[in-house]
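Colleague: The following block contains the structure, expressed as structure tokens.
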6 protein chains.
Amino acid sequence: MTEEERYALGLETMNAVNDGSAQKVLDGLGDVAPELARQIVSWGFGEIYSRPALGPRDRQLLTIGMLTVMGGCEPQSELHVGTALNVGLTPAEIVEALLQSAGYCGFPKALNATAVAKKVFGERGLLPVREA
Amino acid sequence: MTEEERYALGLETMNAVNDGSAQKVLDGLGDVAPELARQIVSWGFGEIYSRPALGPRDRQLLTIGMLTVMGGCEPQSELHVGTALNVGLTPAEIVEALLQSAGYCGFPKALNATAVAKKVFGERGLLPVREA
Amino acid sequence: MTEEERYALGLETMNAVNDGSAQKVLDGLGDVAPELARQIVSWGFGEIYSRPALGPRDRQLLTIGMLTVMGGCEPQSELHVGTALNVGLTPAEIVEALLQSAGYCGFPKALNATAVAKKVFGERGLLPVREA
Amino acid sequence: MTEEERYALGLETMNAVNDGSAQKVLDGLGDVAPELARQIVSWGFGEIYSRPALGPRDRQLLTIGMLTVMGGCEPQSELHVGTALNVGLTPAEIVEALLQSAGYCGFPKALNATAVAKKVFGERGLLPVREA
Amino acid sequence: MTEEERYALGLETMNAVNDGSAQKVLDGLGDVAPELARQIVSWGFGEIYSRPALGPRDRQLLTIGMLTVMGGCEPQSELHVGTALNVGLTPAEIVEALLQSAGYCGFPKALNATAVAKKVFGERGLLPVREA
Amino acid sequence: MTEEERYALGLETMNAVNDGSAQKVLDGLGDVAPELARQIVSWGFGEIYSRPALGPRDRQLLTIGMLTVMGGCEPQSELHVGTALNVGLTPAEIVEALLQSAGYCGFPKALNATAVAKKVFGERGLLPVREA
């Protein structure tokens with residue numbers, strides 16, 4: 001792949017799972033860190049996320065777990081919960097993942113992540129969550 | 001203990017150290033993650049916190065240290081600083097614990113936790129803190 | 001569920017995904033923290049992991065991501081990579097998850113987790129990993 | 001050094017790199033944790049930061065990296081990005097440091113730190129950042 | 001306090017709770033970072049730990065919680081579990097603190113800390129731990 | 001840059017600051033995660049580290065700070081302390097950076113990183129470190 005192809009594939013990959021998310025990253029970083037924005041698109045999505053070895057549903061499940069443990073990444077969690085819904089994870093599955101996270105990173109971080117999920121679900125009219 | 005007994009003991013334990021805190025958890029999670037709320041009550045408090053091997057003052061001191069190190073858990077810290085006061089830790093002891101935390105997790109997290117403590121102390125009319 | 005039923009379900013759940021793992025936890029903690037062992041079995045597996053809202057493959061993918069981000073949890077990662085293989089994640093999928101983790105928690109932790117995966121794969125004769 | 005000399009050197013050191021920052025710390029903590037404030041001044045700056053073995057530019061570069069990895073320390077990052085500019089790091093160097101951090105602690109924390117830098121740069125009329 | 005008095009108080013404080021621990025720190029760091037060793041003694045113990053606002057038992061309980069959450073600090077945990085026993089925390093109380101930590105930072109870190117505690121208890125002939 | 005050029009630049013950049021380090025990464029990951037190895041070379045060094053906006057001395061100072069805070073990354077710290085020496089940071093500067101880190105991430109992680117530095121300095125005959 002050339003540099004242009006990687007960037008184009010990154011944009012396409014980002015928009016396929018969360019339409020408009022690439023533009024949001026580019027806009028937010030454009031005047032401060034355009035290279036960081038470019039790397040998220042070209043590398044994060046063009047090179048890594050687009051690889052077929054894991055599908056989007058698996059990648060989002062993984063990402064939700066990782067962001068929950070990291071803590072302090074609520075803006076990113078919000079984006080990724082939305083993407084998770086887009087690629088087929090149900091609210092009940094996301095909530096179950098956060099319940100499981102309590103055993104691995106404790107209740108406080110599980111609660112923080114659940115508050116983010118609640119916000120996203122609410123905005124999409126997905127509350128109350130029906131237990132699986 | 002049956003499941004109902006654990007849940008009842010959890011509610012009682014939570015309310016004994018922080019009246020209304022159980023309801024707040026249940027209300028906040030009710031439409032998104034009721035099972036997470038139930039586990040915090042039944043397991044976190046009904047099974048663990050209620051064990052007599054450590055009393056509430058010790059448990060809260062420990063919790064304040066853990067939340068300070070975790071970072072990004074200001075909502076939980078706020079609740080637990082309030083509980084700490086309820087079970088007999090003085091503002092001066094809490095502040096001293098946060099001073100000690102600086103040597104273990106650094107000044108930035110100690111400052112974040114102290115800002116939370118200041119908020120809680122202020123709401124309870126406990127400022128200025130008198131040095132022990 | 002009674003307490004005995006939860007414990008029995010926990011043991012069954014643990015052994016279904018990783019035969020002998022429950023006994024290993026019980027043996028390791030028996031003389032120091034038997035209650036911690038009991039809670040891992042009864043609560044972690046009897047109450048949480050056994051819930052049908054997410055299957056074992058999803059749970060292990062999530063766990064691998066969480067342990068990678070936490071860092072310093074190599075003994076637990078080793079166990080969970082083994083379980084991941086048992087429940088159907090392929091070595092190529094696990095390696096792909098760790099590659100993705102690099103973008104979320106950086107290369108150092110991704111490398112630590114990959115070293116653990118390599119050890120487990122080697123013990124099972126699964127090296128070299130064939131790219132998906 | 002006597003205790004008074006250490007405190008005076010700390011104040012002088014803080015104000016030399018960020019005029020008014022000492023007073024801000026003292027004011028913020030005065031009624032809740034005056035000893036913590038005193039230790040930040042006397043020890044953090046009077047004993048450590050003032051040592052000639054590393055100059056302020058090196059110390060701020062280091063601090064920006066550390067705060068980015070810690071996460072959840074946006075208030076401290078804001079102060080330290082300002083100090084970094086004061087001691088000669090350019091916006092382009094700061095942004096480059098945050099780009100590099102992505103490989104060590106992942107994109108989410110790099111993005112959080114970049115948002116803080118953008119805020120500080122904007123307040124000082126330093127946007128858009130010109131690539132080095 | 002003069003610098004010499006702080007250092008002397010630090011040595012005395014360290015040795016009062018863990019005889020020989022100061023010398024161990026000084027020996028380990030003497031040829032690489034003597035100033036770091038001096039600061040641990042003079043500041044960590046001479047200025048902070050020696051303050052009467054919290055007694056050694058409270059400080060060790062707090063420290064055990066903080067080190068458990070931090071992760072990757074097994075050498076320090078080992079020292080501090082020993083100190084905790086010296087200042088009156090019982091093995092059952094330490095184990096209970098680690099059980100509680102599971103709800104705040106998850107089972108993996110609780111297990112790592114429990115493994116350290118088991119090692120220290122074993123060396124002192126304190127196994128099996130009798131439940132409180 | 002084509003993909004081959006990025007890879008070649010990454011190899012050249014890695015070897016310029018730490019001869020043989022690229023081969024070590026490639027060998028360690030070759031049979032388990034060759035794509036991860038390729039990305040460290042091509043992206044981490046070919047795209048990011050090679051950018052002229054920060055020189056190697058600045059990048060290594062930053063990296064040492066980040067790895068110290070992350071914790072549990074001793075293998076990576078060992079490599080990067082060696083690289084830091086190669087690009088002109090003196091042992092006294094590295095030790096000073098770790099002393100400063102104590103105020104930001106606490107003594108336990110500063111001690112862990114100092115133990116790694118001591119090992120590397122010892123292997124290169126750089127002990128005792130002369131204070132700057």
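Letters A, B, ... mark the chains of the structure tokens in the order given; residue numbers begin at 1 per chain; ligand numbers begin at 1, in order shown.
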Quick one: residues within 10 Å of Gln39 in chain B, only C-alpha atoms counted, chain neighbours fewer than 6 positions away excluded, as a PyMOL selection string?
Modeller: (chain A and resi 99+102+107) or (chain B and resi 6-7+10+45-47) or (chain C and resi 43+47-48)
Colleague: Just the selected residues (all heavy atoms), exported as an mmCIF file, in the first residue's frame, please.
Modeller:
```cif
data_model
loop_
_atom_site.group_PDB
_atom_site.id
_atom_site.type_symbol
_atom_site.label_atom_id
_atom_site.label_comp_id
_atom_site.auth_asym_id
_atom_site.auth_seq_id
_atom_site.Cartn_x
_atom_site.Cartn_y
_atom_site.Cartn_z
ATOM 1 N N LEU A 99 -20.014 -5.625 33.382
ATOM 2 C CA LEU A 99 -20.191 -6.378 34.626
ATOM 3 C C LEU A 99 -18.991 -7.300 34.840
ATOM 4 O O LEU A 99 -18.431 -7.381 35.932
ATOM 5 C CB LEU A 99 -21.485 -7.195 34.550
ATOM 6 C CG LEU A 99 -21.777 -8.115 35.741
ATOM 7 C CD1 LEU A 99 -21.938 -7.317 37.037
ATOM 8 C CD2 LEU A 99 -23.039 -8.942 35.487
ATOM 9 N N ALA A 102 -15.804 -5.751 36.224
ATOM 10 C CA ALA A 102 -15.718 -5.481 37.664
ATOM 11 C C ALA A 102 -14.784 -6.467 38.365
ATOM 12 O O ALA A 102 -14.072 -6.104 39.292
ATOM 13 C CB ALA A 102 -17.103 -5.519 38.299
ATOM 14 N N PHE A 107 -15.020 -2.366 40.782
ATOM 15 C CA PHE A 107 -16.289 -1.682 40.556
ATOM 16 C C PHE A 107 -16.140 -0.214 40.130
ATOM 17 O O PHE A 107 -16.912 0.249 39.288
ATOM 18 C CB PHE A 107 -17.171 -1.759 41.807
ATOM 19 C CG PHE A 107 -17.780 -3.116 42.026
ATOM 20 C CD1 PHE A 107 -17.410 -3.898 43.107
ATOM 21 C CD2 PHE A 107 -18.719 -3.629 41.138
ATOM 22 C CE1 PHE A 107 -17.957 -5.163 43.306
ATOM 23 C CE2 PHE A 107 -19.277 -4.889 41.326
ATOM 24 C CZ PHE A 107 -18.893 -5.656 42.409
ATOM 25 N N ARG B 6 -28.420 -12.106 51.547
ATOM 26 C CA ARG B 6 -27.211 -11.363 51.169
ATOM 27 C C ARG B 6 -27.570 -9.958 50.706
ATOM 28 O O ARG B 6 -26.901 -8.981 51.048
ATOM 29 C CB ARG B 6 -26.465 -12.073 50.025
ATOM 30 C CG ARG B 6 -25.799 -13.350 50.425
ATOM 31 C CD ARG B 6 -24.796 -13.767 49.366
ATOM 32 N NE ARG B 6 -25.434 -13.988 48.077
ATOM 33 C CZ ARG B 6 -24.900 -13.647 46.920
ATOM 34 N NH1 ARG B 6 -23.714 -13.049 46.871
ATOM 35 N NH2 ARG B 6 -25.540 -13.900 45.802
ATOM 36 N N TYR B 7 -28.602 -9.873 49.893
ATOM 37 C CA TYR B 7 -29.017 -8.569 49.380
ATOM 38 C C TYR B 7 -29.467 -7.664 50.538
ATOM 39 O O TYR B 7 -29.083 -6.493 50.609
ATOM 40 C CB TYR B 7 -30.150 -8.756 48.367
ATOM 41 C CG TYR B 7 -30.540 -7.490 47.652
ATOM 42 C CD1 TYR B 7 -29.738 -6.978 46.627
ATOM 43 C CD2 TYR B 7 -31.702 -6.797 47.993
ATOM 44 C CE1 TYR B 7 -30.092 -5.806 45.962
ATOM 45 C CE2 TYR B 7 -32.060 -5.627 47.330
ATOM 46 C CZ TYR B 7 -31.251 -5.143 46.317
ATOM 47 O OH TYR B 7 -31.602 -3.985 45.658
ATOM 48 N N GLY B 10 -26.526 -6.540 52.480
ATOM 49 C CA GLY B 10 -25.792 -5.524 51.723
ATOM 50 C C GLY B 10 -26.432 -4.154 51.854
ATOM 51 O O GLY B 10 -25.754 -3.156 52.126
ATOM 52 N N PHE B 45 -21.080 -5.410 49.389
ATOM 53 C CA PHE B 45 -21.385 -5.061 50.774
ATOM 54 C C PHE B 45 -21.953 -6.238 51.572
ATOM 55 O O PHE B 45 -21.609 -6.417 52.736
ATOM 56 C CB PHE B 45 -22.293 -3.831 50.831
ATOM 57 C CG PHE B 45 -21.543 -2.588 50.470
ATOM 58 C CD1 PHE B 45 -21.347 -2.215 49.145
ATOM 59 C CD2 PHE B 45 -20.947 -1.812 51.458
ATOM 60 C CE1 PHE B 45 -20.592 -1.085 48.809
ATOM 61 C CE2 PHE B 45 -20.197 -0.684 51.137
ATOM 62 C CZ PHE B 45 -20.022 -0.320 49.809
ATOM 63 N N GLY B 46 -22.827 -7.036 50.953
ATOM 64 C CA GLY B 46 -23.420 -8.161 51.683
ATOM 65 C C GLY B 46 -22.411 -9.250 52.008
ATOM 66 O O GLY B 46 -22.461 -9.863 53.086
ATOM 67 N N GLU B 47 -21.498 -9.500 51.089
ATOM 68 C CA GLU B 47 -20.525 -10.581 51.329
ATOM 69 C C GLU B 47 -19.176 -10.087 51.839
ATOM 70 O O GLU B 47 -18.549 -10.754 52.650
ATOM 71 C CB GLU B 47 -20.267 -11.357 50.027
ATOM 72 C CG GLU B 47 -21.445 -12.173 49.575
ATOM 73 C CD GLU B 47 -21.097 -13.633 49.343
ATOM 74 O OE1 GLU B 47 -19.974 -14.077 49.659
ATOM 75 O OE2 GLU B 47 -21.964 -14.324 48.811
ATOM 76 N N TRP C 43 -18.361 -16.346 43.112
ATOM 77 C CA TRP C 43 -18.812 -15.084 42.547
ATOM 78 C C TRP C 43 -18.294 -14.905 41.119
ATOM 79 O O TRP C 43 -19.081 -14.769 40.185
ATOM 80 C CB TRP C 43 -18.394 -13.901 43.425
ATOM 81 C CG TRP C 43 -19.030 -12.627 42.973
ATOM 82 C CD1 TRP C 43 -20.343 -12.289 43.117
ATOM 83 C CD2 TRP C 43 -18.406 -11.551 42.262
ATOM 84 N NE1 TRP C 43 -20.577 -11.055 42.539
ATOM 85 C CE2 TRP C 43 -19.402 -10.579 42.021
ATOM 86 C CE3 TRP C 43 -17.106 -11.313 41.820
ATOM 87 C CZ2 TRP C 43 -19.132 -9.388 41.331
ATOM 88 C CZ3 TRP C 43 -16.827 -10.137 41.151
ATOM 89 C CH2 TRP C 43 -17.843 -9.181 40.915
ATOM 90 N N GLU C 47 -21.373 -16.689 39.639
ATOM 91 C CA GLU C 47 -22.380 -15.633 39.427
ATOM 92 C C GLU C 47 -22.166 -14.863 38.121
ATOM 93 O O GLU C 47 -23.126 -14.456 37.484
ATOM 94 C CB GLU C 47 -22.345 -14.631 40.587
ATOM 95 C CG GLU C 47 -22.867 -15.201 41.875
ATOM 96 C CD GLU C 47 -23.978 -14.343 42.491
ATOM 97 O OE1 GLU C 47 -24.450 -13.387 41.859
ATOM 98 O OE2 GLU C 47 -24.342 -14.660 43.631
ATOM 99 N N ILE C 48 -20.905 -14.556 37.793
ATOM 100 C CA ILE C 48 -20.674 -13.631 36.681
ATOM 101 C C ILE C 48 -20.381 -14.385 35.370
ATOM 102 O O ILE C 48 -21.133 -14.270 34.399
ATOM 103 C CB ILE C 48 -19.509 -12.675 37.013
ATOM 104 C CG1 ILE C 48 -19.766 -11.931 38.345
ATOM 105 C CG2 ILE C 48 -19.287 -11.693 35.858
ATOM 106 C CD1 ILE C 48 -20.971 -11.015 38.361
#
```
Colleague: What residues in chain B have any atom no more than 8 Å from chain C when counting only C-alpha atoms, and can you write them as a list in words?
Modeller: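 Here is what falls inside 8 Å: Met1, Thr2, Glu3 and Trp43 of chain B.
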Colleague: Which residues, written as a list in words, have at least one atom at most 10 Å from Arg38 in chain E, with only C-alpha atoms counted and residues fewer than 2 positions away on the same chain left out?
Modeller: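 Surrounding residues, per the criterion: Tyr7, Gly10, Leu11, Ala22, Val25, Leu26, Leu29, Gly30, Ala33, Pro34, Glu35, Leu36, Ile40, Val41, Ser42, Trp43 and Gly44 of chain E.
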Colleague: Using only C-alpha atoms, I'd like a table of the residues in range 50-117 of chain B that come within 12 Å of range 62-70 of chain D; for each, show the closest atom pair and its distance in Å rounded to one decimal, ordered by chain and ascending number, as a tab-separated table.
Modeller:
```
residue	atom	partner	partner_atom	distance
B:Val69	CA	D:Met70	CA	10.0
B:Met70	CA	D:Met70	CA	9.5
B:Gly71	CA	D:Met70	CA	8.2
B:Gly72	CA	D:Met70	CA	9.8
B:Cys105	CA	D:Met70	CA	9.8
B:Gly106	CA	D:Met70	CA	10.1
B:Phe107	CA	D:Leu67	CA	10.8
B:Pro108	CA	D:Leu67	CA	8.2
B:Lys109	CA	D:Met70	CA	8.8
```
Colleague: Next, write the just-selected residues to a file, as a tab-separated table (two decimals), in the first residue's frame, keeping all heavy atoms as the atom set.
Modeller:
```
chain	number	residue	atom	x	y	z
B	69	VAL	N	-4.96	6.10	44.23
B	69	VAL	CA	-3.99	5.53	43.30
B	69	VAL	C	-4.62	5.22	41.94
B	69	VAL	O	-3.98	5.40	40.90
B	69	VAL	CB	-3.36	4.24	43.88
B	69	VAL	CG1	-2.45	3.57	42.87
B	69	VAL	CG2	-2.57	4.57	45.14
B	70	MET	N	-5.84	4.74	41.93
B	70	MET	CA	-6.48	4.37	40.67
B	70	MET	C	-6.58	5.57	39.73
B	70	MET	O	-6.35	5.45	38.54
B	70	MET	CB	-7.88	3.80	40.91
B	70	MET	CG	-7.83	2.48	41.63
B	70	MET	SD	-9.47	1.75	41.77
B	70	MET	CE	-9.67	1.14	40.08
B	71	GLY	N	-6.95	6.69	40.27
B	71	GLY	CA	-7.12	7.88	39.44
B	71	GLY	C	-8.40	7.80	38.62
B	71	GLY	O	-8.91	6.72	38.33
B	72	GLY	N	-8.94	8.95	38.28
B	72	GLY	CA	-10.13	8.99	37.43
B	72	GLY	C	-11.38	8.49	38.10
B	72	GLY	O	-12.39	8.26	37.45
B	105	CYS	N	2.08	7.36	45.16
B	105	CYS	CA	1.53	7.51	43.80
B	105	CYS	C	1.78	8.90	43.22
B	105	CYS	O	1.28	9.20	42.14
B	105	CYS	CB	0.05	7.14	43.75
B	105	CYS	SG	-1.01	8.25	44.69
B	106	GLY	N	2.54	9.72	43.93
B	106	GLY	CA	2.90	11.03	43.39
B	106	GLY	C	1.92	12.13	43.73
B	106	GLY	O	0.79	11.90	44.15
B	107	PHE	N	2.39	13.37	43.53
B	107	PHE	CA	1.57	14.54	43.87
B	107	PHE	C	0.33	14.71	42.99
B	107	PHE	O	-0.72	15.11	43.51
B	107	PHE	CB	2.42	15.82	43.80
B	107	PHE	CG	3.37	15.96	44.95
B	107	PHE	CD1	4.74	15.88	44.75
B	107	PHE	CD2	2.90	16.14	46.25
B	107	PHE	CE1	5.63	15.99	45.82
B	107	PHE	CE2	3.78	16.26	47.32
B	107	PHE	CZ	5.15	16.18	47.10
B	108	PRO	N	0.38	14.45	41.69
B	108	PRO	CA	-0.82	14.75	40.89
B	108	PRO	C	-2.07	14.00	41.39
B	108	PRO	O	-3.13	14.61	41.55
B	108	PRO	CB	-0.42	14.33	39.47
B	108	PRO	CG	1.08	14.50	39.45
B	108	PRO	CD	1.52	14.07	40.82
B	109	LYS	N	-1.94	12.71	41.64
B	109	LYS	CA	-3.10	11.97	42.12
B	109	LYS	C	-3.47	12.38	43.55
B	109	LYS	O	-4.65	12.40	43.90
B	109	LYS	CB	-2.84	10.47	42.02
B	109	LYS	CG	-2.85	9.99	40.56
B	109	LYS	CD	-2.68	8.50	40.44
B	109	LYS	CE	-2.85	8.05	38.98
B	109	LYS	NZ	-2.57	6.60	38.82
```
Colleague: Please identify the helix (DSSP H, G or I) residues within chain A (assignment by DSSP from backbone atoms) and present them as a PyMOL selection string.
Modeller: chain A and resi 3-17+21-29+34-49+56-70+74-86+91-105+107-123
Colleague: Hey, what's within 10 Å of Lys118 in chain E if we count only C-alpha atoms and toss same-chain stuff fewer than 6 positions away? As a PDB file with N, CA, C and O atoms, in the first residue's frame, please?
Modeller:
```
ATOM      1  N   GLY C  28      -3.579 -22.836  45.670  1.00  0.00           N
ATOM      2  CA  GLY C  28      -2.641 -21.725  45.861  1.00  0.00           C
ATOM      3  C   GLY C  28      -3.024 -20.822  47.022  1.00  0.00           C
ATOM      4  O   GLY C  28      -2.160 -20.240  47.678  1.00  0.00           O
ATOM      5  N   LEU C  29      -4.315 -20.701  47.250  1.00  0.00           N
ATOM      6  CA  LEU C  29      -4.790 -19.774  48.277  1.00  0.00           C
ATOM      7  C   LEU C  29      -5.228 -20.457  49.571  1.00  0.00           C
ATOM      8  O   LEU C  29      -5.528 -19.771  50.551  1.00  0.00           O
ATOM      9  N   ASP C  31      -4.086 -21.946  52.199  1.00  0.00           N
ATOM     10  CA  ASP C  31      -3.570 -21.679  53.548  1.00  0.00           C
ATOM     11  C   ASP C  31      -3.405 -20.189  53.847  1.00  0.00           C
ATOM     12  O   ASP C  31      -3.022 -19.819  54.943  1.00  0.00           O
ATOM     13  N   VAL C  32      -3.679 -19.354  52.868  1.00  0.00           N
ATOM     14  CA  VAL C  32      -3.503 -17.920  53.128  1.00  0.00           C
ATOM     15  C   VAL C  32      -4.809 -17.127  52.989  1.00  0.00           C
ATOM     16  O   VAL C  32      -5.084 -16.250  53.799  1.00  0.00           O
ATOM     17  N   ALA C  33      -5.599 -17.431  51.982  1.00  0.00           N
ATOM     18  CA  ALA C  33      -6.792 -16.625  51.727  1.00  0.00           C
ATOM     19  C   ALA C  33      -7.906 -17.488  51.134  1.00  0.00           C
ATOM     20  O   ALA C  33      -8.349 -17.272  50.012  1.00  0.00           O
TER      21      ALA C  33
ATOM     22  N   GLU E  78       6.378  -6.579  49.498  1.00  0.00           N
ATOM     23  CA  GLU E  78       6.971  -7.548  50.423  1.00  0.00           C
ATOM     24  C   GLU E  78       7.493  -6.846  51.674  1.00  0.00           C
ATOM     25  O   GLU E  78       7.220  -7.265  52.802  1.00  0.00           O
ATOM     26  N   VAL E  81       4.400  -5.520  53.718  1.00  0.00           N
ATOM     27  CA  VAL E  81       3.637  -6.545  54.447  1.00  0.00           C
ATOM     28  C   VAL E  81       4.391  -6.904  55.724  1.00  0.00           C
ATOM     29  O   VAL E  81       3.799  -7.044  56.800  1.00  0.00           O
ATOM     30  N   PRO E  91      -2.174 -11.179  60.240  1.00  0.00           N
ATOM     31  CA  PRO E  91      -2.317 -11.798  58.915  1.00  0.00           C
ATOM     32  C   PRO E  91      -3.773 -11.807  58.449  1.00  0.00           C
ATOM     33  O   PRO E  91      -4.052 -11.522  57.280  1.00  0.00           O
ATOM     34  N   VAL E  95      -5.049 -10.105  54.967  1.00  0.00           N
ATOM     35  CA  VAL E  95      -5.763 -10.905  53.969  1.00  0.00           C
ATOM     36  C   VAL E  95      -7.151 -10.318  53.694  1.00  0.00           C
ATOM     37  O   VAL E  95      -7.623 -10.314  52.552  1.00  0.00           O
ATOM     38  N   ARG E 124       7.657 -16.122  58.151  1.00  0.00           N
ATOM     39  CA  ARG E 124       7.532 -15.860  59.588  1.00  0.00           C
ATOM     40  C   ARG E 124       6.752 -16.955  60.320  1.00  0.00           C
ATOM     41  O   ARG E 124       6.367 -16.778  61.484  1.00  0.00           O
ATOM     42  N   LEU E 126       3.721 -17.986  59.812  1.00  0.00           N
ATOM     43  CA  LEU E 126       2.363 -17.533  60.112  1.00  0.00           C
ATOM     44  C   LEU E 126       1.301 -18.200  59.243  1.00  0.00           C
ATOM     45  O   LEU E 126       0.173 -17.726  59.156  1.00  0.00           O
ATOM     46  N   LEU E 127       1.680 -19.288  58.592  1.00  0.00           N
ATOM     47  CA  LEU E 127       0.702 -20.017  57.785  1.00  0.00           C
ATOM     48  C   LEU E 127       0.317 -21.286  58.499  1.00  0.00           C
ATOM     49  O   LEU E 127       1.159 -21.901  59.160  1.00  0.00           O
ATOM     50  N   PRO E 128      -0.905 -21.794  58.369  1.00  0.00           N
ATOM     51  CA  PRO E 128      -2.014 -21.147  57.663  1.00  0.00           C
ATOM     52  C   PRO E 128      -2.557 -19.954  58.452  1.00  0.00           C
ATOM     53  O   PRO E 128      -2.458 -19.921  59.684  1.00  0.00           O
ATOM     54  N   VAL E 129      -3.108 -19.004  57.704  1.00  0.00           N
ATOM     55  CA  VAL E 129      -3.747 -17.849  58.330  1.00  0.00           C
ATOM     56  C   VAL E 129      -5.068 -18.295  58.941  1.00  0.00           C
ATOM     57  O   VAL E 129      -5.842 -18.997  58.295  1.00  0.00           O
TER      58      VAL E 129
END
```
Colleague: List the spatial neighbours of His80 in chain E as an mmCIF file with N, CA, C and O atoms, in the first residue's frame - criterion: any atom at most 10 Å away, only C-alpha atoms, same-chain residues fewer than 5 positions off excluded.
Modeller:
```cif
data_model
loop_
_atom_site.group_PDB
_atom_site.id
_atom_site.type_symbol
_atom_site.label_atom_id
_atom_site.label_comp_id
_atom_site.auth_asym_id
_atom_site.auth_seq_id
_atom_site.Cartn_x
_atom_site.Cartn_y
_atom_site.Cartn_z
ATOM 1 N N VAL E 17 9.777 0.745 62.755
ATOM 2 C CA VAL E 17 8.710 -0.103 62.202
ATOM 3 C C VAL E 17 9.259 -1.304 61.436
ATOM 4 O O VAL E 17 8.552 -2.295 61.237
ATOM 5 N N ASN E 18 10.528 -1.227 61.009
ATOM 6 C CA ASN E 18 11.106 -2.349 60.263
ATOM 7 C C ASN E 18 12.626 -2.267 60.381
ATOM 8 O O ASN E 18 13.297 -1.651 59.547
ATOM 9 N N GLN E 60 0.269 1.610 57.373
ATOM 10 C CA GLN E 60 0.591 0.372 56.659
ATOM 11 C C GLN E 60 -0.637 -0.200 55.957
ATOM 12 O O GLN E 60 -0.519 -0.764 54.861
ATOM 13 N N LEU E 61 -1.793 -0.066 56.585
ATOM 14 C CA LEU E 61 -3.023 -0.544 55.950
ATOM 15 C C LEU E 61 -3.231 0.217 54.629
ATOM 16 O O LEU E 61 -3.519 -0.368 53.577
ATOM 17 N N THR E 63 -0.949 1.780 52.876
ATOM 18 C CA THR E 63 0.130 1.468 51.932
ATOM 19 C C THR E 63 -0.125 0.139 51.238
ATOM 20 O O THR E 63 0.120 -0.003 50.035
ATOM 21 N N ILE E 64 -0.604 -0.833 51.988
ATOM 22 C CA ILE E 64 -0.900 -2.125 51.369
ATOM 23 C C ILE E 64 -1.980 -1.955 50.295
ATOM 24 O O ILE E 64 -1.876 -2.511 49.209
ATOM 25 N N LEU E 67 -0.282 -0.098 47.218
ATOM 26 C CA LEU E 67 0.649 -0.935 46.447
ATOM 27 C C LEU E 67 -0.087 -2.024 45.679
ATOM 28 O O LEU E 67 0.307 -2.390 44.573
ATOM 29 N N GLU E 74 5.839 -5.592 43.618
ATOM 30 C CA GLU E 74 5.974 -6.726 44.525
ATOM 31 C C GLU E 74 7.142 -6.549 45.503
ATOM 32 O O GLU E 74 6.996 -6.874 46.689
ATOM 33 N N PRO E 75 8.318 -6.035 45.079
ATOM 34 C CA PRO E 75 9.388 -5.882 46.076
ATOM 35 C C PRO E 75 8.990 -4.935 47.210
ATOM 36 O O PRO E 75 9.295 -5.181 48.375
ATOM 37 N N LEU E 85 2.971 -6.313 59.618
ATOM 38 C CA LEU E 85 2.954 -7.285 60.725
ATOM 39 C C LEU E 85 3.659 -6.708 61.954
ATOM 40 O O LEU E 85 3.184 -6.853 63.077
ATOM 41 N N ASN E 86 4.776 -6.040 61.710
ATOM 42 C CA ASN E 86 5.539 -5.462 62.836
ATOM 43 C C ASN E 86 4.732 -4.454 63.650
ATOM 44 O O ASN E 86 4.919 -4.333 64.851
ATOM 45 N N ALA E 117 1.928 -11.604 50.189
ATOM 46 C CA ALA E 117 1.620 -11.767 51.614
ATOM 47 C C ALA E 117 1.886 -13.208 52.056
ATOM 48 O O ALA E 117 2.467 -13.457 53.130
ATOM 49 N N VAL E 120 5.572 -13.710 52.690
ATOM 50 C CA VAL E 120 6.036 -13.098 53.935
ATOM 51 C C VAL E 120 5.517 -13.881 55.146
ATOM 52 O O VAL E 120 6.263 -14.158 56.094
#
```
Colleague: At what distance in Å, to one decimal, does CA of Tyr104 in chain F lie from CA of Phe121 in chain D?
Modeller: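 CA of Phe121 in chain D sits 23.2 Å away from CA of Tyr104 in chain F.
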Colleague: Between CA of Ala84 in chain E and CA of Ala97 in chain E, measure the distance and give it in Å to one decimal.
Modeller: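 Atom-to-atom, CA of Ala84 in chain E to CA of Ala97 in chain E, that is 11.7 Å.
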Colleague: Taking into account only C-alpha atoms, which residue in the set F:Ile94, F:Val87, F:Ala113, F:Gly125 is nearest to Asn15 in chain F?
Modeller: F:Val87
Colleague: Just checking: using only C-alpha atoms, which residue out of D:Leu98, D:Leu89, D:Leu79, D:Cys73 ends up closest to Gly55 in chain D?
Modeller: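 Under the stated criterion, the closest residue is D:Leu89.
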